[in-house]
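Data block below; observations after.
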Amino acid sequence: MRPERTIAGAAGDAAWRVAPLVMLVALWQAASAAGLLNPAFAPSPRAIALALLDLLTGGEIGRNLLITLFRSFTGLALGAVAGIWLGLMMARSRVFNAYVAPIVGGTYSLPKSALIPLFALWFGIGSTTAICAVFLACLLPMVVNTAHGVTTTPRVLTWSAHALGTRERKMLTRIYLRHALPDIFTGLRIALGFSFVLAISSEMIASTSGIGKLVFMYGENGTYDYMFAAIVCIVIVAFLADRALLAIRRQALRWHESAAEGS
Amino acid sequence: MAKAPSLISLRLRSIASILLLIAIWEIAGRAKLAPPILLPPFSVVAAQLWQSAADASLFVDLAISLMRAFAGLALAGVIGILLGMSMAHSRAANWLVDPIVALAFPSPKIAFLPVFVLWFGIESTSKILLVAFACVFPVIIGTYSAARAVSRIYFWSAASLGTGERRMLWKITLPACLPRVFATLRIALPVALITTFTAEMVAGGGGMGATLVYSQRFFESPTVFAYILVMLGIGLVLDAAMTALQRRWLIWAE
């Protein structure tokens, strides 16, 4: 068990952790100011910060970021629901598993971005293509992790539930899915990462909007300070989304033994 | 409860499932359920695949893409193992690198593609470095946690037999970590492939991804499908190869 920590102590810890990042940025700024870096290729942190401020007040980044988040979260939600259902079915029925496993196994190792041109062919340029790509990329880690969590359910749990008169239908949600929850969260975390990668990739390849397109466009136009500012936004949003998921996981798995490890 | 189906009947169902999928594809294509430009029949795709293989254009693209993916992965492996081991051994290195890894690990690395193109051009260098950038963080994390988990008993025994600090790193930490590092590299391999293909699709410069997106723009659908099938096959073959290697060479890991 960790000792109780004061707020000041926690703030000190956070500052200690952020210090190397601050140092890195300061070093970069110093190198730019000393003229060691060509501003045409590597804009100074100051220029990037000004561009970021301009983007944030102008609303351009907010609009495109919302579009990207809409695409990635829609794809993620659809992929999670379908993936949990498929994983549950595959773990509970060997016949269903035999039919579906080769298709899942085959698409598991397919680089999902390869499908973006195909979806662009089918659905044209825009949100549908991006959402489909995100959906497929998120589906597979959800299937694999859910199936793993359900198949490893201890017999003792199922026997006890049966002995207490739990109906077969209730077994799914009350025993199997409950037991698989830590694995489902593992899958969700992988899928969350994929959802951003695929949304941004498909925006770069086949879209006229979204933050991926914005970054690409600034790169083409040669406005590199704005390009870096948009990338900084992506990194921060992805980091915060990952942290938020971890916080939800901690809340949802308070009863699980992994919560006691304090990770 | 119903009788458990035999292994053979389950295998047959698996094969039937794939054949059924191909049959539906072929029939749907032939019956013109969708315009051929959206769904060319399987036989047409297979013919296109044969033709691309016959004029060697497929193999040229494949060689370029695989070279980029593996060069990037190798670079990520070397840098990631070095950084991960130094993080496990030195608190200063841990302090310096850990926040960067924590911030960079969840970020979608493909967003950095325009930066790499700006700095290293549209040819192979930018792609190899982007692949290395995408794969290095899981390798760092995997190596670090593997190095931290090495049993103290090995170090104590080696120290009592007079092994020096430096030899310890090579003779104990590295071999002890290797199985888990290899497992991490196996996870990083699909990341390397997806990053290579996506970078080629966005920035061009030859390779599977460039040809794929080029064919899509010119509505050469059979080529699109043929290349996707090849990418699927590559993913399967490489994963199987990594599994076989893992079994063969890393026997001492349980």
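Residues are referred to by chain and number: the chain letter is A, B, ... according to the order shown in the structure tokens, the number counts from 1 in that chain, and ligands are numbered separately from 1 in the order shown.
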
Mind checking which residues fall within 10 Å of B:Ile234, counting only C-alpha atoms, ignoring those fewer than 5 positions away in the same chain, and posting them as a list in words?
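Contacts, in chain order: Ser109, Leu110 and Pro111 of chain A; Leu62, Leu66, Pro190, Leu193, Ile228, Leu229, Asp239 and Ala240 of chain B.
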
Please, which residues in chain B fall within 6 Å of chain A when counting only C-alpha atoms, and what is the closest atom pair and distance in Å to one decimal for each, ordered by chain then residue number, as a Markdown table?
| residue | atom | partner | partner_atom | distance |
| --- | --- | --- | --- | --- |
| B:Leu10 | CA | A:Ala98 | CA | 5.4 |
| B:Arg13 | CA | A:Tyr99 | CA | 5.7 |
| B:Ser14 | CA | A:Tyr99 | CA | 5.0 |
| B:Ser17 | CA | A:Tyr99 | CA | 5.3 |
| B:Leu96 | CA | A:Pro20 | CA | 5.5 |
| B:Pro106 | CA | A:Phe239 | CA | 5.7 |
| B:Ser107 | CA | A:Val235 | CA | 5.1 |
| B:Pro108 | CA | A:Val197 | CA | 4.9 |
| B:Pro114 | CA | A:Gly219 | CA | 5.8 |
| B:Ile194 | CA | A:Pro111 | CA | 4.8 |
| B:Val202 | CA | A:Ile205 | CA | 5.5 |
| B:Val213 | CA | A:Pro117 | CA | 5.9 |
| B:Gln216 | CA | A:Pro117 | CA | 6.0 |
| B:Leu232 | CA | A:Leu110 | CA | 4.5 |
| B:Gly235 | CA | A:Ser109 | CA | 4.8 |
| B:Leu236 | CA | A:Ser109 | CA | 5.7 |

Between atom CA of B:Val230 and atom CA of A:Gly79, measure the distance and give it in Å to one decimal.
24.7 Å

Alpha helix (DSSP H) positions in stretch 6-233 of chain B, given as a ChimeraX atom specification:
/B:7-30,42-54,57-89,91-104,113-120,124-148,152-160,165-168,174-203,208-217,221-233

Using Å and a single decimal, report how far atom CA of A:Thr208 sits from atom CA of A:Ile125.
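About the pair atom CA of A:Ile125 and atom CA of A:Thr208: they are 7.5 Å apart.
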
Residues at most 10 Å from A:Arg71, counting only C-alpha atoms, excluding those fewer than 3 positions away in the same chain, as a ChimeraX atom specification?
/A:65-68,74-76,126-135,195-196,198-200,203,210

Output the selection as a PDB file, in the first residue's frame - N, CA and C atoms for each residue.
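As a result, out00.pdb now contains:
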ATOM      1  N   LEU A  65     -11.108  18.671 -35.423  1.00  0.00           N
ATOM      2  CA  LEU A  65     -10.864  17.698 -34.364  1.00  0.00           C
ATOM      3  C   LEU A  65     -12.163  16.983 -34.003  1.00  0.00           C
ATOM      4  N   LEU A  66     -13.269  17.749 -33.945  1.00  0.00           N
ATOM      5  CA  LEU A  66     -14.563  17.152 -33.635  1.00  0.00           C
ATOM      6  C   LEU A  66     -14.955  16.113 -34.692  1.00  0.00           C
ATOM      7  N   ILE A  67     -14.701  16.457 -35.967  1.00  0.00           N
ATOM      8  CA  ILE A  67     -15.015  15.515 -37.045  1.00  0.00           C
ATOM      9  C   ILE A  67     -14.221  14.223 -36.861  1.00  0.00           C
ATOM     10  N   THR A  68     -12.910  14.380 -36.582  1.00  0.00           N
ATOM     11  CA  THR A  68     -12.065  13.194 -36.405  1.00  0.00           C
ATOM     12  C   THR A  68     -12.520  12.371 -35.201  1.00  0.00           C
ATOM     13  N   THR A  74     -17.282   6.773 -33.243  1.00  0.00           N
ATOM     14  CA  THR A  74     -18.364   5.989 -33.832  1.00  0.00           C
ATOM     15  C   THR A  74     -17.844   4.614 -34.241  1.00  0.00           C
ATOM     16  N   GLY A  75     -16.710   4.600 -34.939  1.00  0.00           N
ATOM     17  CA  GLY A  75     -16.123   3.330 -35.354  1.00  0.00           C
ATOM     18  C   GLY A  75     -15.761   2.467 -34.164  1.00  0.00           C
ATOM     19  N   LEU A  76     -15.219   3.107 -33.126  1.00  0.00           N
ATOM     20  CA  LEU A  76     -14.816   2.373 -31.925  1.00  0.00           C
ATOM     21  C   LEU A  76     -16.033   1.770 -31.230  1.00  0.00           C
ATOM     22  N   GLY A 126     -14.888  10.430 -47.441  1.00  0.00           N
ATOM     23  CA  GLY A 126     -15.568  11.061 -46.308  1.00  0.00           C
ATOM     24  C   GLY A 126     -15.742  10.161 -45.112  1.00  0.00           C
ATOM     25  N   SER A 127     -16.773  10.485 -44.312  1.00  0.00           N
ATOM     26  CA  SER A 127     -16.924   9.854 -43.006  1.00  0.00           C
ATOM     27  C   SER A 127     -17.173   8.348 -43.085  1.00  0.00           C
ATOM     28  N   THR A 128     -17.998   7.884 -44.043  1.00  0.00           N
ATOM     29  CA  THR A 128     -18.330   6.456 -44.094  1.00  0.00           C
ATOM     30  C   THR A 128     -17.071   5.619 -44.241  1.00  0.00           C
ATOM     31  N   THR A 129     -16.208   6.029 -45.167  1.00  0.00           N
ATOM     32  CA  THR A 129     -14.957   5.300 -45.380  1.00  0.00           C
ATOM     33  C   THR A 129     -14.136   5.243 -44.098  1.00  0.00           C
ATOM     34  N   ALA A 130     -14.010   6.397 -43.436  1.00  0.00           N
ATOM     35  CA  ALA A 130     -13.200   6.447 -42.213  1.00  0.00           C
ATOM     36  C   ALA A 130     -13.813   5.571 -41.126  1.00  0.00           C
ATOM     37  N   ILE A 131     -15.138   5.667 -40.945  1.00  0.00           N
ATOM     38  CA  ILE A 131     -15.793   4.907 -39.875  1.00  0.00           C
ATOM     39  C   ILE A 131     -15.668   3.409 -40.132  1.00  0.00           C
ATOM     40  N   CYS A 132     -15.822   2.982 -41.397  1.00  0.00           N
ATOM     41  CA  CYS A 132     -15.698   1.556 -41.713  1.00  0.00           C
ATOM     42  C   CYS A 132     -14.291   1.056 -41.396  1.00  0.00           C
ATOM     43  N   ALA A 133     -13.282   1.831 -41.774  1.00  0.00           N
ATOM     44  CA  ALA A 133     -11.908   1.414 -41.509  1.00  0.00           C
ATOM     45  C   ALA A 133     -11.658   1.322 -40.008  1.00  0.00           C
ATOM     46  N   VAL A 134     -12.132   2.326 -39.260  1.00  0.00           N
ATOM     47  CA  VAL A 134     -11.956   2.317 -37.804  1.00  0.00           C
ATOM     48  C   VAL A 134     -12.696   1.116 -37.203  1.00  0.00           C
ATOM     49  N   PHE A 135     -13.922   0.890 -37.676  1.00  0.00           N
ATOM     50  CA  PHE A 135     -14.738  -0.218 -37.173  1.00  0.00           C
ATOM     51  C   PHE A 135     -13.985  -1.547 -37.284  1.00  0.00           C
ATOM     52  N   SER A 195      -8.162   3.310 -33.331  1.00  0.00           N
ATOM     53  CA  SER A 195      -9.214   4.163 -33.875  1.00  0.00           C
ATOM     54  C   SER A 195      -8.628   5.505 -34.330  1.00  0.00           C
ATOM     55  N   PHE A 196      -7.695   6.053 -33.555  1.00  0.00           N
ATOM     56  CA  PHE A 196      -7.075   7.319 -33.976  1.00  0.00           C
ATOM     57  C   PHE A 196      -6.200   7.117 -35.213  1.00  0.00           C
ATOM     58  N   LEU A 198      -6.384   4.844 -37.569  1.00  0.00           N
ATOM     59  CA  LEU A 198      -7.151   4.600 -38.788  1.00  0.00           C
ATOM     60  C   LEU A 198      -7.929   5.840 -39.229  1.00  0.00           C
ATOM     61  N   ALA A 199      -8.501   6.581 -38.263  1.00  0.00           N
ATOM     62  CA  ALA A 199      -9.250   7.791 -38.631  1.00  0.00           C
ATOM     63  C   ALA A 199      -8.315   8.779 -39.311  1.00  0.00           C
ATOM     64  N   ILE A 200      -7.129   8.986 -38.727  1.00  0.00           N
ATOM     65  CA  ILE A 200      -6.194   9.961 -39.295  1.00  0.00           C
ATOM     66  C   ILE A 200      -5.646   9.477 -40.635  1.00  0.00           C
ATOM     67  N   GLU A 203      -8.207   9.918 -43.273  1.00  0.00           N
ATOM     68  CA  GLU A 203      -8.365  11.330 -43.620  1.00  0.00           C
ATOM     69  C   GLU A 203      -7.227  11.800 -44.525  1.00  0.00           C
ATOM     70  N   GLY A 210     -11.288  16.866 -41.338  1.00  0.00           N
ATOM     71  CA  GLY A 210     -10.677  16.122 -40.239  1.00  0.00           C
ATOM     72  C   GLY A 210      -9.259  16.573 -39.978  1.00  0.00           C
TER      73      GLY A 210
END

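Nearest-residue note for B:Ile187: choosing from B:Ala158, B:Leu12, B:Ala54, B:Ala134, the minimum distance belongs to B:Ala134, counting only C-alpha atoms.
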
Applying 9 Å and only C-alpha atoms, which residues near stretch 31-43 of chain B remain after dropping the ones on its own chain fewer than 6 positions away? List them as number ranges by chain.
A: 118, 121-122; B: 22-23, 25, 219-222, 225

Just write the chosen residues, C-alpha atoms, as an mmCIF file, in the first residue's frame.
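Result file follows (again00.cif):
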data_model
loop_
_atom_site.group_PDB
_atom_site.id
_atom_site.type_symbol
_atom_site.label_atom_id
_atom_site.label_comp_id
_atom_site.auth_asym_id
_atom_site.auth_seq_id
_atom_site.Cartn_x
_atom_site.Cartn_y
_atom_site.Cartn_z
ATOM 1 C CA LEU A 118 -11.305 -0.252 -51.124
ATOM 2 C CA LEU A 121 -13.951 2.913 -53.915
ATOM 3 C CA TRP A 122 -17.212 1.711 -52.336
ATOM 4 C CA ILE B 22 -15.108 -16.970 -52.014
ATOM 5 C CA ALA B 23 -18.116 -18.588 -53.725
ATOM 6 C CA TRP B 25 -17.917 -13.246 -53.798
ATOM 7 C CA PHE B 219 -10.553 2.493 -60.762
ATOM 8 C CA GLU B 220 -8.462 -0.604 -61.555
ATOM 9 C CA SER B 221 -10.470 -2.606 -59.055
ATOM 10 C CA PRO B 222 -8.995 -6.072 -59.776
ATOM 11 C CA PHE B 225 -8.402 -6.506 -54.577
#

I want to know what sits within 7 Å of stretch 162-174 of chain B, based on only C-alpha atoms, with residues of the same chain fewer than 3 positions away left out; could you give that as a list in words?
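In the requested form, the answer reads Ala147, Val150, Ala158, Ala159, Cys177 and Leu178 of chain B.
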
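When atom CA of B:Ser151 is paired with atom CA of B:Val97, their separation reads 23.8 Å.
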
B:Ser52: which residues within 12 Å, counting only C-alpha atoms, same-chain residues fewer than 4 positions away excluded, as JSON, numbers by chain?
{"B": [45, 46, 47, 48, 56, 57, 58, 59, 60, 61, 62, 208, 211, 222, 223, 224, 226, 227, 230]}

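Every protein, DNA or RNA residue with an atom at most 10 Å from B:Arg186, where only C-alpha atoms count and chain neighbours fewer than 5 positions away do not, is listed here: Val139, Arg180, Val181, Val191, Leu238, Asp239, Ala241, Met242, Thr243 and Gln246 of chain B.
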
Residue nearest B:Ala176 among B:Ala88, B:Asp98, B:Ala146, B:Phe218 (counting only C-alpha atoms):
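Counting only C-alpha atoms, the residue closest to B:Ala176 is B:Ala146.
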